[in-house]
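Notes for the one structure printed next.
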Amino acid sequence: MTDENAMVTENTKTKKSGFDHAKEQWECSVKRFTGPAYFLIRPVNLAFIALKYDEDRNLSAVDGINRADIPVLVISAEKDGYYGNGKSPIYDKKDAVTNRKCEFVLMDKQNHNEHYTYFLTDNALEYMKSEPQGAVDKKLYMEHDENIMKMICDFYEKGR
């Protein structure tokens with residue numbers, strides 16, 4: 001797997017993925033868009049995964065977290081539509097994580113427990129639901145919850 005979506009500081013790492021293996025990610029993504037027809041596409045998808053990732057397709061995020069000697073923060077929504085309305089696959093494997101510096105946070109606050117909604121303020125979510133027409137207030141649309149951002153920043157500060 002590549003780390004093109006990774007953010008690294010001196011003593012911590014953040015990776016934007018909720019999957020343990022590349023295969024999980026691709027299968028979940030393709031299933032979301034093909035629905036019941038996935039069984040027809042699956043052989044082609046598996047061949048693509050094998051060609052795209054080669055031996056890296058078997059790398060495990062859980063194994064990487066366990067080998068790391070740096071803090072790792074795993075945040076998951078309680079009901080994430082991206083993962084079939086459950087928690088992220090990596091969150092579901094938290095019992096397999098042995099890295100004592102790994103923290104798991106389940107976002108289960110009402111209205112802030114779905115994919116990405118836990119980052120946003122109540123005002124931002126209300127604005128999104130209003131389905132604004134014309135010019136969109138980008139600042140309000142992406143207004144992040146200060147408490148969540150502080151929790152993440154504190155995690156990084158603690159890792160310094």
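Naming scheme: A, B, ... for chains in displayed order of the structure tokens; residues 1 onward per chain; ligands 1 onward as shown.
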TODO: Within 12 Å of A:Val136, counting only C-alpha atoms, which residues show up once you throw out same-chain ones fewer than 6 positions away? Write them as a ChimeraX atom specification, please.
DONE: /A:124,127-128,130,142
Please produce an output containing N, CA and C atoms for each residue in the selection, written as a tab-separated table (two decimals), in the first residue's frame.
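Result written to part_37.tsv:
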```tsv
chain	number	residue	atom	x	y	z
A	124	ALA	N	-22.77	23.50	10.89
A	124	ALA	CA	-22.35	23.02	9.58
A	124	ALA	C	-23.29	21.92	9.09
A	127	TYR	N	-26.58	23.39	8.03
A	127	TYR	CA	-26.41	24.08	6.75
A	127	TYR	C	-26.39	23.07	5.60
A	128	MET	N	-25.70	21.96	5.78
A	128	MET	CA	-25.66	20.92	4.74
A	128	MET	C	-27.05	20.36	4.47
A	130	SER	N	-29.81	21.81	4.76
A	130	SER	CA	-30.66	22.79	4.09
A	130	SER	C	-30.47	22.79	2.58
A	142	MET	N	-17.87	23.70	6.01
A	142	MET	CA	-16.75	22.89	6.51
A	142	MET	C	-16.34	23.28	7.94
```
Task: Polymer residues at most 10 Å from stretch 44-57 of chain A, only C-alpha atoms, same-chain spacing of 3 or more positions, as a ChimeraX atom specification - done: /A:1-2,21-27,30,38-41,60
Output file for the residues above (N, CA and C atoms, as a PDB file, in the first residue's frame):
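Result written to result_11.pdb:
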```pdb
ATOM      1  N   MET A   1       0.835  -1.176   0.000  1.00  0.00           N
ATOM      2  CA  MET A   1       0.000   0.000   0.000  1.00  0.00           C
ATOM      3  C   MET A   1       0.879   1.239   0.000  1.00  0.00           C
ATOM      4  N   THR A   2       0.412   2.241  -0.666  1.00  0.00           N
ATOM      5  CA  THR A   2       1.186   3.470  -0.696  1.00  0.00           C
ATOM      6  C   THR A   2       0.764   4.348   0.467  1.00  0.00           C
ATOM      7  N   HIS A  21      -6.428  -4.100   4.829  1.00  0.00           N
ATOM      8  CA  HIS A  21      -5.724  -4.506   3.607  1.00  0.00           C
ATOM      9  C   HIS A  21      -6.260  -3.732   2.401  1.00  0.00           C
ATOM     10  N   ALA A  22      -5.441  -3.606   1.370  1.00  0.00           N
ATOM     11  CA  ALA A  22      -5.858  -2.955   0.123  1.00  0.00           C
ATOM     12  C   ALA A  22      -7.059  -3.682  -0.487  1.00  0.00           C
ATOM     13  N   LYS A  23      -7.061  -5.011  -0.392  1.00  0.00           N
ATOM     14  CA  LYS A  23      -8.167  -5.797  -0.942  1.00  0.00           C
ATOM     15  C   LYS A  23      -9.493  -5.390  -0.308  1.00  0.00           C
ATOM     16  N   GLU A  24      -9.494  -5.207   1.013  1.00  0.00           N
ATOM     17  CA  GLU A  24     -10.715  -4.775   1.707  1.00  0.00           C
ATOM     18  C   GLU A  24     -11.218  -3.452   1.142  1.00  0.00           C
ATOM     19  N   GLN A  25     -10.287  -2.518   0.956  1.00  0.00           N
ATOM     20  CA  GLN A  25     -10.667  -1.192   0.484  1.00  0.00           C
ATOM     21  C   GLN A  25     -11.289  -1.261  -0.904  1.00  0.00           C
ATOM     22  N   TRP A  26     -10.615  -1.960  -1.811  1.00  0.00           N
ATOM     23  CA  TRP A  26     -11.126  -2.033  -3.179  1.00  0.00           C
ATOM     24  C   TRP A  26     -12.447  -2.789  -3.243  1.00  0.00           C
ATOM     25  N   GLU A  27     -12.548  -3.886  -2.531  1.00  0.00           N
ATOM     26  CA  GLU A  27     -13.800  -4.644  -2.583  1.00  0.00           C
ATOM     27  C   GLU A  27     -14.958  -3.831  -2.017  1.00  0.00           C
ATOM     28  N   VAL A  30     -15.849  -0.972  -4.641  1.00  0.00           N
ATOM     29  CA  VAL A  30     -16.508  -1.452  -5.847  1.00  0.00           C
ATOM     30  C   VAL A  30     -17.904  -1.994  -5.513  1.00  0.00           C
ATOM     31  N   TYR A  38     -21.941  -7.081  -7.972  1.00  0.00           N
ATOM     32  CA  TYR A  38     -20.527  -7.222  -7.645  1.00  0.00           C
ATOM     33  C   TYR A  38     -19.994  -8.619  -7.934  1.00  0.00           C
ATOM     34  N   PHE A  39     -20.798  -9.642  -7.695  1.00  0.00           N
ATOM     35  CA  PHE A  39     -20.307 -11.014  -7.910  1.00  0.00           C
ATOM     36  C   PHE A  39     -19.852 -11.214  -9.357  1.00  0.00           C
ATOM     37  N   LEU A  40     -20.418 -10.468 -10.312  1.00  0.00           N
ATOM     38  CA  LEU A  40     -19.984 -10.567 -11.708  1.00  0.00           C
ATOM     39  C   LEU A  40     -18.638  -9.880 -11.935  1.00  0.00           C
ATOM     40  N   ILE A  41     -18.396  -8.806 -11.198  1.00  0.00           N
ATOM     41  CA  ILE A  41     -17.206  -7.979 -11.376  1.00  0.00           C
ATOM     42  C   ILE A  41     -16.045  -8.455 -10.509  1.00  0.00           C
ATOM     43  N   SER A  60      -0.721  -5.579   6.063  1.00  0.00           N
ATOM     44  CA  SER A  60      -1.798  -5.364   7.026  1.00  0.00           C
ATOM     45  C   SER A  60      -1.549  -4.087   7.814  1.00  0.00           C
TER      46      SER A  60
END
```
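Remark: for A:Lys109, the closest of the candidate residues A:Val97, A:Cys28, A:Leu125, A:Ala77 is A:Ala77 (distances computed over only C-alpha atoms).
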Open item on the list: Just the number, please: distance in Å from atom CA of A:Leu73 to atom CA of A:Tyr141, one decimal.
Closed with: 25.2 Å
Excluding A:Glu114 and its own-chain neighbours fewer than 5 positions away, which residues fall within 12 Å of it when counting only C-alpha atoms? Please give them as a compact mmCIF listing (two decimals) with C-alpha atoms, in the first residue's frame.
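The file below, result-v9.txt, is the result:
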```txt
# COMPACT_ATOMS: atom_id res chain seq x y z
CA ILE A 75 -11.05 7.37 14.69
CA SER A 76 -14.20 5.66 13.46
CA ALA A 77 -17.77 6.72 13.06
CA GLU A 78 -20.35 4.52 14.74
CA LYS A 79 -22.37 4.03 11.55
CA ASP A 80 -20.29 4.84 8.55
CA GLY A 81 -22.09 4.45 5.23
CA TYR A 82 -18.75 4.08 3.50
CA TYR A 83 -18.25 0.79 5.31
CA GLY A 84 -21.79 -0.53 4.96
CA ASN A 85 -23.22 1.44 7.91
CA GLY A 86 -20.96 -0.07 10.53
CA LYS A 87 -17.69 0.88 12.12
CA SER A 88 -14.54 0.92 9.99
CA LEU A 106 -15.50 5.74 18.40
CA MET A 107 -17.55 8.74 17.39
CA ASP A 108 -21.03 7.92 18.66
CA LYS A 109 -22.48 11.33 19.53
CA PHE A 119 -15.60 16.56 12.51
CA LEU A 120 -18.33 19.13 11.87
CA LEU A 125 -24.55 19.91 9.59
```
Task: Long-range neighbours of A:Lys94 as a ChimeraX atom specification, 10 Å cut-off, only C-alpha atoms, 2 positions minimum in chain - done: /A:62,74,89-92,96-98,102-104
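Take atom CA of A:Lys139 and atom CA of A:Glu126: the distance between them is 13.4 Å.
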TODO: Would you mind telling me which residue in A:Leu59, A:Ile70, A:Ile148, A:Ile65 lies nearest to A:Tyr116 when using only C-alpha atoms?
DONE: A:Ile148
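Between atom CA of A:Tyr118 and atom CA of A:Val105 lies a distance of 11.0 Å.
Residues of stretch 11-78 of chain A assigned to strand (DSSP E or B) by DSSP on this structure's backbone: Lys13, Thr14, Lys15, Val72, Leu73, Val74, Ile75, Ser76 and Ala77 of chain A.
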